[in-house]
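Student: Just so it is clear, I am handing over structure20.pdb, which has PDB, C-alpha atoms.
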```pdb
ATOM      1  CA  MET A  29      14.220  -6.495  24.344  1.00  0.00           C
ATOM      2  CA  PRO A  30      15.825  -6.653  20.870  1.00  0.00           C
ATOM      3  CA  SER A  31      15.896 -10.003  19.121  1.00  0.00           C
ATOM      4  CA  ILE A  32      19.111 -11.742  18.066  1.00  0.00           C
ATOM      5  CA  TYR A  33      18.503 -10.667  14.468  1.00  0.00           C
ATOM      6  CA  GLN A  34      17.958  -7.031  15.529  1.00  0.00           C
ATOM      7  CA  ARG A  35      21.247  -7.139  17.419  1.00  0.00           C
ATOM      8  CA  TYR A  36      22.892  -8.607  14.356  1.00  0.00           C
ATOM      9  CA  VAL A  37      21.539  -5.805  12.139  1.00  0.00           C
ATOM     10  CA  SER A  38      22.732  -3.232  14.690  1.00  0.00           C
ATOM     11  CA  LEU A  39      26.256  -4.674  14.564  1.00  0.00           C
ATOM     12  CA  LEU A  40      26.011  -4.907  10.791  1.00  0.00           C
ATOM     13  CA  LYS A  41      25.336  -1.180  10.515  1.00  0.00           C
ATOM     14  CA  ARG A  42      28.234  -0.338  12.836  1.00  0.00           C
ATOM     15  CA  TYR A  43      30.792  -2.795  11.435  1.00  0.00           C
ATOM     16  CA  PRO A  44      29.448  -3.881   8.028  1.00  0.00           C
ATOM     17  CA  LEU A  45      32.446  -5.659   6.489  1.00  0.00           C
ATOM     18  CA  PRO A  46      33.774  -7.489   9.604  1.00  0.00           C
ATOM     19  CA  VAL A  47      30.268  -8.724  10.483  1.00  0.00           C
ATOM     20  CA  LYS A  48      29.666  -9.927   6.908  1.00  0.00           C
ATOM     21  CA  ILE A  49      32.979 -11.800   6.948  1.00  0.00           C
ATOM     22  CA  ALA A  50      32.228 -13.401  10.329  1.00  0.00           C
ATOM     23  CA  SER A  51      28.728 -14.348   9.144  1.00  0.00           C
ATOM     24  CA  SER A  52      30.075 -15.942   5.977  1.00  0.00           C
ATOM     25  CA  ILE A  53      32.517 -18.088   7.975  1.00  0.00           C
ATOM     26  CA  VAL A  54      29.706 -19.333  10.230  1.00  0.00           C
ATOM     27  CA  ILE A  55      27.229 -19.901   7.373  1.00  0.00           C
ATOM     28  CA  PHE A  56      29.585 -21.580   4.904  1.00  0.00           C
ATOM     29  CA  GLY A  57      31.436 -23.543   7.602  1.00  0.00           C
ATOM     30  CA  SER A  58      28.331 -24.924   9.301  1.00  0.00           C
ATOM     31  CA  GLY A  59      26.653 -25.434   5.924  1.00  0.00           C
ATOM     32  CA  ASP A  60      29.525 -27.590   4.658  1.00  0.00           C
ATOM     33  CA  ILE A  61      29.572 -29.642   7.860  1.00  0.00           C
ATOM     34  CA  GLY A  62      25.859 -30.255   7.355  1.00  0.00           C
ATOM     35  CA  MET A  63      26.455 -31.237   3.723  1.00  0.00           C
ATOM     36  CA  GLN A  64      29.240 -33.653   4.694  1.00  0.00           C
ATOM     37  CA  THR A  65      26.931 -35.212   7.279  1.00  0.00           C
ATOM     38  CA  ALA A  66      24.167 -35.592   4.692  1.00  0.00           C
ATOM     39  CA  GLU A  67      26.566 -37.156   2.181  1.00  0.00           C
ATOM     40  CA  VAL A  68      27.353 -40.065   4.518  1.00  0.00           C
ATOM     41  CA  CYS A  69      24.075 -40.317   6.449  1.00  0.00           C
ATOM     42  CA  VAL A  70      21.540 -39.992   3.615  1.00  0.00           C
ATOM     43  CA  ASP A  71      21.041 -42.818   1.112  1.00  0.00           C
ATOM     44  CA  SER A  72      20.768 -40.914  -2.175  1.00  0.00           C
ATOM     45  CA  ASP A  73      19.441 -43.915  -4.123  1.00  0.00           C
ATOM     46  CA  LYS A  74      16.586 -44.415  -1.655  1.00  0.00           C
ATOM     47  CA  VAL A  75      15.865 -40.676  -1.637  1.00  0.00           C
ATOM     48  CA  ARG A  76      15.468 -40.804  -5.436  1.00  0.00           C
ATOM     49  CA  SER A  77      13.096 -43.786  -5.133  1.00  0.00           C
ATOM     50  CA  TYR A  78      11.160 -42.080  -2.348  1.00  0.00           C
ATOM     51  CA  THR A  79      10.672 -38.797  -4.217  1.00  0.00           C
ATOM     52  CA  ALA A  80       9.991 -40.502  -7.576  1.00  0.00           C
ATOM     53  CA  SER A  81       7.107 -42.440  -6.030  1.00  0.00           C
ATOM     54  CA  PHE A  82       5.155 -39.196  -5.556  1.00  0.00           C
ATOM     55  CA  PHE A  83       5.241 -38.424  -9.291  1.00  0.00           C
ATOM     56  CA  ALA A  84       4.913 -41.930 -10.700  1.00  0.00           C
ATOM     57  CA  THR A  85       1.978 -42.442 -13.081  1.00  0.00           C
ATOM     58  CA  THR A  86       2.336 -46.227 -13.169  1.00  0.00           C
ATOM     59  CA  THR A  87       2.754 -48.936 -10.563  1.00  0.00           C
ATOM     60  CA  THR A  88       6.238 -48.800  -9.057  1.00  0.00           C
ATOM     61  CA  PRO A  89       8.092 -50.929  -6.498  1.00  0.00           C
ATOM     62  CA  LYS A  90       7.185 -50.165  -2.914  1.00  0.00           C
ATOM     63  CA  LYS A  91       8.781 -46.917  -1.852  1.00  0.00           C
ATOM     64  CA  PRO A  92      11.182 -47.052   1.117  1.00  0.00           C
ATOM     65  CA  ALA A  93       9.999 -45.873   4.511  1.00  0.00           C
ATOM     66  CA  PHE A  94      11.104 -42.361   5.452  1.00  0.00           C
ATOM     67  CA  THR A  95      13.381 -43.697   8.196  1.00  0.00           C
ATOM     68  CA  GLU A  96      15.135 -45.922   5.625  1.00  0.00           C
ATOM     69  CA  LEU A  97      16.455 -42.816   3.864  1.00  0.00           C
ATOM     70  CA  PHE A  98      19.006 -42.355   6.622  1.00  0.00           C
ATOM     71  CA  ARG A  99      21.908 -44.487   7.796  1.00  0.00           C
ATOM     72  CA  ALA A 100      24.553 -44.363  10.498  1.00  0.00           C
ATOM     73  CA  PRO A 101      27.896 -42.830   9.465  1.00  0.00           C
ATOM     74  CA  PRO A 102      30.824 -45.237   8.959  1.00  0.00           C
ATOM     75  CA  ALA A 103      32.941 -45.912  12.037  1.00  0.00           C
ATOM     76  CA  ASP A 104      35.981 -44.301  10.370  1.00  0.00           C
ATOM     77  CA  PHE A 105      34.133 -41.176   9.231  1.00  0.00           C
ATOM     78  CA  ASN A 106      35.842 -37.872   9.979  1.00  0.00           C
ATOM     79  CA  PHE A 107      34.855 -34.410   8.865  1.00  0.00           C
ATOM     80  CA  ASP A 108      37.001 -32.981   6.079  1.00  0.00           C
ATOM     81  CA  LEU A 109      38.045 -29.764   7.819  1.00  0.00           C
ATOM     82  CA  TYR A 110      40.249 -28.786   4.878  1.00  0.00           C
ATOM     83  CA  ARG A 111      37.185 -28.796   2.621  1.00  0.00           C
ATOM     84  CA  THR A 112      35.226 -26.795   5.216  1.00  0.00           C
ATOM     85  CA  SER A 113      37.996 -24.209   5.570  1.00  0.00           C
ATOM     86  CA  LYS A 114      38.274 -23.944   1.767  1.00  0.00           C
ATOM     87  CA  LEU A 115      34.561 -23.266   1.410  1.00  0.00           C
ATOM     88  CA  SER A 116      34.655 -20.806   4.329  1.00  0.00           C
ATOM     89  CA  LEU A 117      37.538 -18.971   2.653  1.00  0.00           C
ATOM     90  CA  PHE A 118      35.514 -18.682  -0.524  1.00  0.00           C
ATOM     91  CA  GLY A 119      32.658 -17.288   1.564  1.00  0.00           C
ATOM     92  CA  VAL A 120      34.983 -14.651   3.047  1.00  0.00           C
ATOM     93  CA  ILE A 121      36.326 -13.611  -0.356  1.00  0.00           C
ATOM     94  CA  GLY A 122      32.862 -13.662  -1.910  1.00  0.00           C
ATOM     95  CA  SER A 123      31.324 -11.591   0.891  1.00  0.00           C
ATOM     96  CA  THR A 124      34.127  -9.031   0.614  1.00  0.00           C
ATOM     97  CA  PHE A 125      33.626  -8.807  -3.143  1.00  0.00           C
ATOM     98  CA  LEU A 126      29.851  -8.413  -2.765  1.00  0.00           C
ATOM     99  CA  HIS A 127      30.272  -5.796  -0.017  1.00  0.00           C
ATOM    100  CA  PHE A 128      32.115  -3.456  -2.371  1.00  0.00           C
ATOM    101  CA  TRP A 129      30.176  -4.423  -5.500  1.00  0.00           C
ATOM    102  CA  TYR A 130      26.777  -3.759  -3.905  1.00  0.00           C
ATOM    103  CA  GLY A 131      28.008  -0.306  -2.859  1.00  0.00           C
ATOM    104  CA  VAL A 132      29.030   0.501  -6.444  1.00  0.00           C
ATOM    105  CA  GLN A 133      25.809  -1.019  -7.767  1.00  0.00           C
ATOM    106  CA  GLU A 134      23.689   1.252  -5.548  1.00  0.00           C
ATOM    107  CA  LYS A 135      25.396   4.385  -6.889  1.00  0.00           C
ATOM    108  CA  ILE A 136      24.972   3.328 -10.524  1.00  0.00           C
ATOM    109  CA  VAL A 137      21.304   2.368 -10.159  1.00  0.00           C
ATOM    110  CA  PHE A 138      20.291   5.489  -8.204  1.00  0.00           C
ATOM    111  CA  ARG A 139      21.902   7.625 -10.892  1.00  0.00           C
ATOM    112  CA  PHE A 140      19.512   6.232 -13.537  1.00  0.00           C
ATOM    113  CA  PHE A 141      16.532   5.277 -11.339  1.00  0.00           C
ATOM    114  CA  PRO A 142      16.426   7.569  -8.277  1.00  0.00           C
ATOM    115  CA  VAL A 143      13.010   6.240  -7.210  1.00  0.00           C
ATOM    116  CA  GLU A 144      13.019   2.744  -5.675  1.00  0.00           C
ATOM    117  CA  ASN A 145      10.300   1.252  -7.874  1.00  0.00           C
ATOM    118  CA  PHE A 146      10.091  -2.000  -9.838  1.00  0.00           C
ATOM    119  CA  ALA A 147      12.237  -0.652 -12.692  1.00  0.00           C
ATOM    120  CA  HIS A 148      14.883   0.310 -10.125  1.00  0.00           C
ATOM    121  CA  VAL A 149      15.029  -3.275  -8.799  1.00  0.00           C
ATOM    122  CA  VAL A 150      14.981  -4.877 -12.271  1.00  0.00           C
ATOM    123  CA  PHE A 151      17.896  -2.700 -13.412  1.00  0.00           C
ATOM    124  CA  LYS A 152      19.774  -3.633 -10.248  1.00  0.00           C
ATOM    125  CA  VAL A 153      19.266  -7.351 -10.982  1.00  0.00           C
ATOM    126  CA  PHE A 154      20.299  -6.817 -14.615  1.00  0.00           C
ATOM    127  CA  LEU A 155      23.560  -5.186 -13.557  1.00  0.00           C
ATOM    128  CA  ASP A 156      24.261  -7.836 -10.944  1.00  0.00           C
ATOM    129  CA  GLN A 157      23.616 -10.876 -13.129  1.00  0.00           C
ATOM    130  CA  GLY A 158      25.914  -9.764 -15.931  1.00  0.00           C
ATOM    131  CA  LEU A 159      29.667  -9.461 -15.463  1.00  0.00           C
ATOM    132  CA  PRO A 160      29.723  -9.444 -11.606  1.00  0.00           C
ATOM    133  CA  ALA A 161      27.755 -12.704 -11.210  1.00  0.00           C
ATOM    134  CA  THR A 162      29.757 -14.402 -13.961  1.00  0.00           C
ATOM    135  CA  THR A 163      33.024 -13.223 -12.378  1.00  0.00           C
ATOM    136  CA  TYR A 164      31.908 -14.402  -8.934  1.00  0.00           C
ATOM    137  CA  THR A 165      30.956 -17.848 -10.281  1.00  0.00           C
ATOM    138  CA  ALA A 166      34.117 -18.108 -12.394  1.00  0.00           C
ATOM    139  CA  PHE A 167      36.205 -17.368  -9.317  1.00  0.00           C
ATOM    140  CA  PHE A 168      34.486 -20.255  -7.515  1.00  0.00           C
ATOM    141  CA  PHE A 169      35.435 -22.629 -10.337  1.00  0.00           C
ATOM    142  CA  VAL A 170      38.998 -21.263 -10.414  1.00  0.00           C
ATOM    143  CA  ILE A 171      39.408 -21.984  -6.690  1.00  0.00           C
ATOM    144  CA  GLN A 172      37.750 -25.393  -7.054  1.00  0.00           C
ATOM    145  CA  GLY A 173      39.887 -26.424 -10.038  1.00  0.00           C
ATOM    146  CA  ALA A 174      43.184 -25.127  -8.656  1.00  0.00           C
ATOM    147  CA  THR A 175      42.761 -26.718  -5.223  1.00  0.00           C
ATOM    148  CA  ALA A 176      41.608 -30.042  -6.725  1.00  0.00           C
ATOM    149  CA  ALA A 177      44.733 -30.103  -8.924  1.00  0.00           C
ATOM    150  CA  TYR A 178      46.902 -29.326  -5.911  1.00  0.00           C
ATOM    151  CA  GLU A 179      45.320 -32.123  -3.866  1.00  0.00           C
ATOM    152  CA  LYS A 180      46.025 -34.652  -6.635  1.00  0.00           C
ATOM    153  CA  ASN A 181      49.599 -33.501  -7.378  1.00  0.00           C
ATOM    154  CA  PRO A 182      51.026 -31.708  -4.295  1.00  0.00           C
ATOM    155  CA  ASP A 183      54.619 -32.668  -5.196  1.00  0.00           C
ATOM    156  CA  HIS A 184      54.451 -31.985  -8.927  1.00  0.00           C
ATOM    157  CA  PRO A 185      57.595 -30.147 -10.147  1.00  0.00           C
ATOM    158  CA  HIS A 186      55.441 -27.677 -12.103  1.00  0.00           C
ATOM    159  CA  LEU A 187      52.694 -27.271  -9.514  1.00  0.00           C
ATOM    160  CA  LYS A 188      51.703 -23.745 -10.567  1.00  0.00           C
ATOM    161  CA  ASN A 189      51.120 -24.880 -14.144  1.00  0.00           C
ATOM    162  CA  VAL A 190      49.123 -27.906 -12.976  1.00  0.00           C
ATOM    163  CA  MET A 191      46.923 -25.722 -10.762  1.00  0.00           C
ATOM    164  CA  ALA A 192      46.422 -23.228 -13.599  1.00  0.00           C
ATOM    165  CA  GLU A 193      45.396 -26.071 -15.926  1.00  0.00           C
ATOM    166  CA  GLY A 194      42.967 -27.368 -13.312  1.00  0.00           C
ATOM    167  CA  ALA A 195      41.395 -23.926 -12.933  1.00  0.00           C
ATOM    168  CA  HIS A 196      41.192 -23.490 -16.713  1.00  0.00           C
ATOM    169  CA  HIS A 197      39.524 -26.901 -17.095  1.00  0.00           C
ATOM    170  CA  GLN A 198      36.838 -26.058 -14.533  1.00  0.00           C
ATOM    171  CA  VAL A 199      36.049 -22.660 -16.057  1.00  0.00           C
ATOM    172  CA  THR A 200      35.980 -23.795 -19.705  1.00  0.00           C
ATOM    173  CA  ASN A 201      33.955 -26.959 -19.056  1.00  0.00           C
ATOM    174  CA  TYR A 202      31.522 -25.908 -16.323  1.00  0.00           C
ATOM    175  CA  LEU A 203      31.121 -22.105 -16.176  1.00  0.00           C
ATOM    176  CA  ILE A 204      28.847 -21.513 -19.188  1.00  0.00           C
ATOM    177  CA  PRO A 205      26.661 -24.632 -18.665  1.00  0.00           C
ATOM    178  CA  GLN A 206      26.288 -23.780 -14.975  1.00  0.00           C
ATOM    179  CA  MET A 207      25.282 -20.175 -15.741  1.00  0.00           C
ATOM    180  CA  THR A 208      22.798 -21.030 -18.504  1.00  0.00           C
ATOM    181  CA  ASP A 209      21.375 -24.307 -17.184  1.00  0.00           C
ATOM    182  CA  TYR A 210      21.041 -23.388 -13.521  1.00  0.00           C
ATOM    183  CA  HIS A 211      22.305 -19.991 -12.335  1.00  0.00           C
ATOM    184  CA  TRP A 212      20.125 -17.683 -14.424  1.00  0.00           C
ATOM    185  CA  LYS A 213      17.045 -19.822 -13.748  1.00  0.00           C
ATOM    186  CA  PHE A 214      17.219 -19.106 -10.018  1.00  0.00           C
ATOM    187  CA  TRP A 215      19.382 -16.160  -8.934  1.00  0.00           C
ATOM    188  CA  PRO A 216      17.696 -13.341 -10.919  1.00  0.00           C
ATOM    189  CA  PHE A 217      14.361 -14.227  -9.284  1.00  0.00           C
ATOM    190  CA  PHE A 218      15.984 -14.563  -5.858  1.00  0.00           C
ATOM    191  CA  HIS A 219      17.544 -11.125  -6.209  1.00  0.00           C
ATOM    192  CA  LEU A 220      14.283  -9.546  -7.297  1.00  0.00           C
ATOM    193  CA  TRP A 221      13.167 -10.413  -3.758  1.00  0.00           C
ATOM    194  CA  ASN A 222      16.533  -9.767  -2.083  1.00  0.00           C
ATOM    195  CA  PHE A 223      17.092  -6.324  -3.603  1.00  0.00           C
ATOM    196  CA  SER A 224      13.522  -5.175  -3.057  1.00  0.00           C
ATOM    197  CA  ARG A 225      13.008  -6.440   0.518  1.00  0.00           C
ATOM    198  CA  ASN A 226      16.395  -6.204   2.267  1.00  0.00           C
ATOM    199  CA  SER A 227      18.673  -3.293   3.056  1.00  0.00           C
ATOM    200  CA  LEU A 228      22.080  -2.862   1.435  1.00  0.00           C
ATOM    201  CA  HIS A 229      24.042  -4.571   4.228  1.00  0.00           C
ATOM    202  CA  GLU A 230      21.474  -7.313   4.923  1.00  0.00           C
ATOM    203  CA  ARG A 231      21.506  -8.656   1.368  1.00  0.00           C
ATOM    204  CA  ILE A 232      24.753 -10.585   1.703  1.00  0.00           C
ATOM    205  CA  ILE A 233      23.635 -12.751   4.633  1.00  0.00           C
ATOM    206  CA  PHE A 234      20.527 -13.829   2.690  1.00  0.00           C
ATOM    207  CA  GLN A 235      22.643 -14.523  -0.398  1.00  0.00           C
ATOM    208  CA  ASN A 236      25.059 -16.599   1.703  1.00  0.00           C
ATOM    209  CA  LEU A 237      22.186 -18.582   3.203  1.00  0.00           C
ATOM    210  CA  ALA A 238      20.753 -19.211  -0.267  1.00  0.00           C
ATOM    211  CA  SER A 239      24.240 -20.180  -1.487  1.00  0.00           C
ATOM    212  CA  ILE A 240      24.350 -23.085   0.981  1.00  0.00           C
ATOM    213  CA  GLY A 241      21.171 -24.561  -0.479  1.00  0.00           C
ATOM    214  CA  TRP A 242      22.447 -23.755  -3.957  1.00  0.00           C
ATOM    215  CA  SER A 243      25.722 -25.585  -3.285  1.00  0.00           C
ATOM    216  CA  ALA A 244      23.799 -28.612  -2.011  1.00  0.00           C
ATOM    217  CA  PHE A 245      21.655 -28.572  -5.170  1.00  0.00           C
ATOM    218  CA  LEU A 246      24.691 -28.365  -7.484  1.00  0.00           C
ATOM    219  CA  SER A 247      26.354 -31.135  -5.504  1.00  0.00           C
ATOM    220  CA  SER A 248      23.309 -33.386  -6.028  1.00  0.00           C
ATOM    221  CA  VAL A 249      23.282 -32.537  -9.753  1.00  0.00           C
ATOM    222  CA  ASN A 250      26.980 -33.365  -9.954  1.00  0.00           C
ATOM    223  CA  GLU A 251      26.453 -36.703  -8.180  1.00  0.00           C
ATOM    224  CA  GLU A 252      23.547 -37.555 -10.507  1.00  0.00           C
ATOM    225  CA  ASN A 253      25.718 -36.798 -13.557  1.00  0.00           C
ATOM    226  CA  LYS A 254      28.489 -39.018 -12.159  1.00  0.00           C
ATOM    227  CA  ARG A 255      25.957 -41.805 -11.543  1.00  0.00           C
ATOM    228  CA  LYS A 256      24.754 -41.572 -15.153  1.00  0.00           C
ATOM    229  CA  GLU A 257      28.334 -41.603 -16.441  1.00  0.00           C
ATOM    230  CA  ARG A 258      29.114 -44.718 -14.370  1.00  0.00           C
ATOM    231  CA  ALA A 259      25.957 -46.408 -15.683  1.00  0.00           C
ATOM    232  CA  LEU A 260      26.938 -45.620 -19.288  1.00  0.00           C
ATOM    233  CA  ILE A 261      30.450 -46.973 -18.739  1.00  0.00           C
ATOM    234  CA  GLU A 262      29.110 -50.150 -17.124  1.00  0.00           C
ATOM    235  CA  ASP A 263      26.585 -50.599 -19.937  1.00  0.00           C
ATOM    236  CA  LYS A 264      29.309 -50.125 -22.561  1.00  0.00           C
ATOM    237  CA  GLU A 265      31.615 -52.586 -20.798  1.00  0.00           C
ATOM    238  CA  GLY A 266      28.748 -55.116 -20.580  1.00  0.00           C
ATOM    239  CA  LYS A 267      28.082 -54.888 -24.318  1.00  0.00           C
ATOM    240  CA  GLU A 268      31.789 -55.287 -25.116  1.00  0.00           C
ATOM    241  CA  GLU A 269      31.951 -58.446 -22.965  1.00  0.00           C
ATOM    242  CA  LYS A 270      29.016 -59.947 -24.852  1.00  0.00           C
ATOM    243  CA  VAL A 271      30.742 -59.272 -28.153  1.00  0.00           C
TER     244      VAL A 271
END
```
Could you write out this file's structure as structure tokens?
Tutor:
Amino acid sequence: MPSIYQRYVSLLKRYPLPVKIASSIVIFGSGDIGMQTAEVCVDSDKVRSYTASFFATTTTPKKPAFTELFRAPPADFNFDLYRTSKLSLFGVIGSTFLHFWYGVQEKIVFRFFPVENFAHVVFKVFLDQGLPATTYTAFFFVIQGATAAYEKNPDHPHLKNVMAEGAHHQVTNYLIPQMTDYHWKFWPFFHLWNFSRNSLHERIIFQNLASIGWSAFLSSVNEENKRKERALIEDKEGKEEKV
């Protein structure tokens, strides 16, 4: 009897694009719901203390118990379905883009490297992590910036300009640092595995699954940066009060 994954692959071969789109909705939607749950049910400060205790070289305060890392959600907590639908939409658009790009990529690579050896895979990763990966990531920041601007100013008389400015701000301030500091330190190595081990149509589901963890990682980095900024502001305000 075929497994669920074998049935999935069978459907994927028969209806590649619709199955990829449906998979992306399920993966990104459920992944965001899980992330929202973690944001309210996991104490990030205690998690930092708990993990730091494993690498401490000096005596540190007693680390919290594992069960103390979690807390009950607030009574008024509700899932942000708009956020979930926005992320799912990005997953749909991204999966569609990757569906067609991977097809083009295969033709280009096989033209230069007809044998599927290590050089074949490396060239495939090189092609993917140039303009396509940068475009894909830039599109994410465009969507993020434009929708954030809309949420803040839904009744602005020049809404299109405000959304364009929000998108421009995200791309100019976060695209290059994100690509150099994080993206190219993980995704090229992931795709060395993905391109060498998975078939053409299976690659997108593994990329989408990795993207959920990647989004959670970037979210934690973003929260840590905000925490540092708040600490700097509070420290500055404290010094000004003393003066």
Student: Taking the file as I've supplied it (selection: the PyMOL selection byres ((chain A and resi 217) around 12)), which residues are included? Please answer as a short mmCIF file (atom, residue, chain, number, x, y, z; two decimals) with C-alpha atoms, in the frame of the given file.
Tutor:
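out02.cif, freshly written:
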```cif
data_model
loop_
_atom_site.label_atom_id
_atom_site.label_comp_id
_atom_site.auth_asym_id
_atom_site.auth_seq_id
_atom_site.Cartn_x
_atom_site.Cartn_y
_atom_site.Cartn_z
CA VAL A 149 15.03 -3.28 -8.80
CA VAL A 150 14.98 -4.88 -12.27
CA LYS A 152 19.77 -3.63 -10.25
CA VAL A 153 19.27 -7.35 -10.98
CA PHE A 154 20.30 -6.82 -14.62
CA ASP A 156 24.26 -7.84 -10.94
CA GLN A 157 23.62 -10.88 -13.13
CA HIS A 211 22.30 -19.99 -12.34
CA TRP A 212 20.12 -17.68 -14.42
CA LYS A 213 17.05 -19.82 -13.75
CA PHE A 214 17.22 -19.11 -10.02
CA TRP A 215 19.38 -16.16 -8.93
CA PRO A 216 17.70 -13.34 -10.92
CA PHE A 218 15.98 -14.56 -5.86
CA HIS A 219 17.54 -11.12 -6.21
CA LEU A 220 14.28 -9.55 -7.30
CA TRP A 221 13.17 -10.41 -3.76
CA ASN A 222 16.53 -9.77 -2.08
CA PHE A 223 17.09 -6.32 -3.60
CA SER A 224 13.52 -5.18 -3.06
#
```
Student: Can I get the residues of range 48-67 of chain A within 8 Å of range 108-125 of chain A, each with the closest pair of atoms and their distance in Å to one decimal, using only C-alpha atoms, sorted chain first then ascending number, as JSON lines?
Tutor:
```
{"residue": "A:Lys48", "atom": "CA", "partner": "A:Ser123", "partner_atom": "CA", "distance": 6.5}
{"residue": "A:Ile49", "atom": "CA", "partner": "A:Val120", "partner_atom": "CA", "distance": 5.2}
{"residue": "A:Ala50", "atom": "CA", "partner": "A:Val120", "partner_atom": "CA", "distance": 7.9}
{"residue": "A:Ser52", "atom": "CA", "partner": "A:Gly119", "partner_atom": "CA", "distance": 5.3}
{"residue": "A:Ile53", "atom": "CA", "partner": "A:Ser116", "partner_atom": "CA", "distance": 5.0}
{"residue": "A:Val54", "atom": "CA", "partner": "A:Ser116", "partner_atom": "CA", "distance": 7.8}
{"residue": "A:Phe56", "atom": "CA", "partner": "A:Ser116", "partner_atom": "CA", "distance": 5.2}
{"residue": "A:Gly57", "atom": "CA", "partner": "A:Ser116", "partner_atom": "CA", "distance": 5.3}
{"residue": "A:Asp60", "atom": "CA", "partner": "A:Thr112", "partner_atom": "CA", "distance": 5.8}
{"residue": "A:Ile61", "atom": "CA", "partner": "A:Thr112", "partner_atom": "CA", "distance": 6.9}
{"residue": "A:Gln64", "atom": "CA", "partner": "A:Asp108", "partner_atom": "CA", "distance": 7.9}
```
Student: Under the PyMOL selection byres ((chain A and resi 129-135) around 9), which residues of this model are included? Write them out as an mmCIF file with C-alpha atoms, in the frame of the given file.
Tutor:
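To be explicit, this is the file written out as selection.cif:
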```cif
data_model
loop_
_atom_site.group_PDB
_atom_site.id
_atom_site.type_symbol
_atom_site.label_atom_id
_atom_site.label_comp_id
_atom_site.auth_asym_id
_atom_site.auth_seq_id
_atom_site.Cartn_x
_atom_site.Cartn_y
_atom_site.Cartn_z
ATOM 1 C CA THR A 124 34.127 -9.031 0.614
ATOM 2 C CA PHE A 125 33.626 -8.807 -3.143
ATOM 3 C CA LEU A 126 29.851 -8.413 -2.765
ATOM 4 C CA HIS A 127 30.272 -5.796 -0.017
ATOM 5 C CA PHE A 128 32.115 -3.456 -2.371
ATOM 6 C CA ILE A 136 24.972 3.328 -10.524
ATOM 7 C CA VAL A 137 21.304 2.368 -10.159
ATOM 8 C CA PHE A 138 20.291 5.489 -8.204
ATOM 9 C CA ARG A 139 21.902 7.625 -10.892
ATOM 10 C CA LYS A 152 19.774 -3.633 -10.248
ATOM 11 C CA LEU A 155 23.560 -5.186 -13.557
ATOM 12 C CA ASP A 156 24.261 -7.836 -10.944
ATOM 13 C CA PRO A 160 29.723 -9.444 -11.606
ATOM 14 C CA LEU A 228 22.080 -2.862 1.435
ATOM 15 C CA HIS A 229 24.042 -4.571 4.228
ATOM 16 C CA ARG A 231 21.506 -8.656 1.368
#
```
Student: For the file shown, report as a list of chain:residue names the outcome of the PyMOL selection byres ((chain A and resi 170-174) around 7) at residue level.
Tutor: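 Taken on the displayed file, the PyMOL selection byres ((chain A and resi 170-174) around 7) yields the residues A:Ala166, A:Phe167, A:Phe168, A:Phe169, A:Thr175, A:Ala176, A:Ala177, A:Tyr178, A:Met191, A:Ala192, A:Gly194, A:Ala195, A:Gln198, A:Val199.
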Student: Rounded to one decimal place, report the CA of Phe140 in chain A-CA of Pro44 in chain A distance in Å.
Tutor: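 Spanning CA of Phe140 in chain A to CA of Pro44 in chain A is a straight-line distance of 25.8 Å.
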Student: Quick one: pull the distance between CA of Trp242 in chain A and CA of Tyr210 in chain A, Å, one decimal.
Tutor: 9.7 Å
Student: Residues within 10 Å of range 32-36 of chain A, please, as number ranges by chain. Count all atoms listed in the file; anything in the same chain fewer than 6 positions from it doesn't count.
Tutor: A: 42, 47, 51, 230
Student: Expressed in Å to a single decimal, how great is the separation between CA of Ala93 in chain A and CA of Glu67 in chain A?
Tutor: 18.9 Å
Student: Padding of 6 Å on every side, edges along x, y and z, all listed atoms of range 177-190 of chain A included: what centre and edge lengths in Å, to one decimal, does that box have, as JSON?
Tutor:
```
{"center_x": 51.2, "center_y": -29.2, "center_z": -9.0, "size_x": 24.9, "size_y": 22.9, "size_z": 22.3}
```
Student: Given the choices A:Thr95, A:Asn145, A:Pro205, A:Pro102, which gets closest to Arg225 in chain A if the distance is worked out from only C-alpha atoms?
Tutor: A:Asn145
Student: Using all atoms listed in the file, which of the listed residues (A:Ala238, A:Leu45, A:Ala147, A:Ala161) sits closest to Gln206 in chain A?
Tutor: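 Checking each of A:Ala238, A:Leu45, A:Ala147, A:Ala161 against Gln206 in chain A, counting all atoms listed in the file, the winner is A:Ala161.
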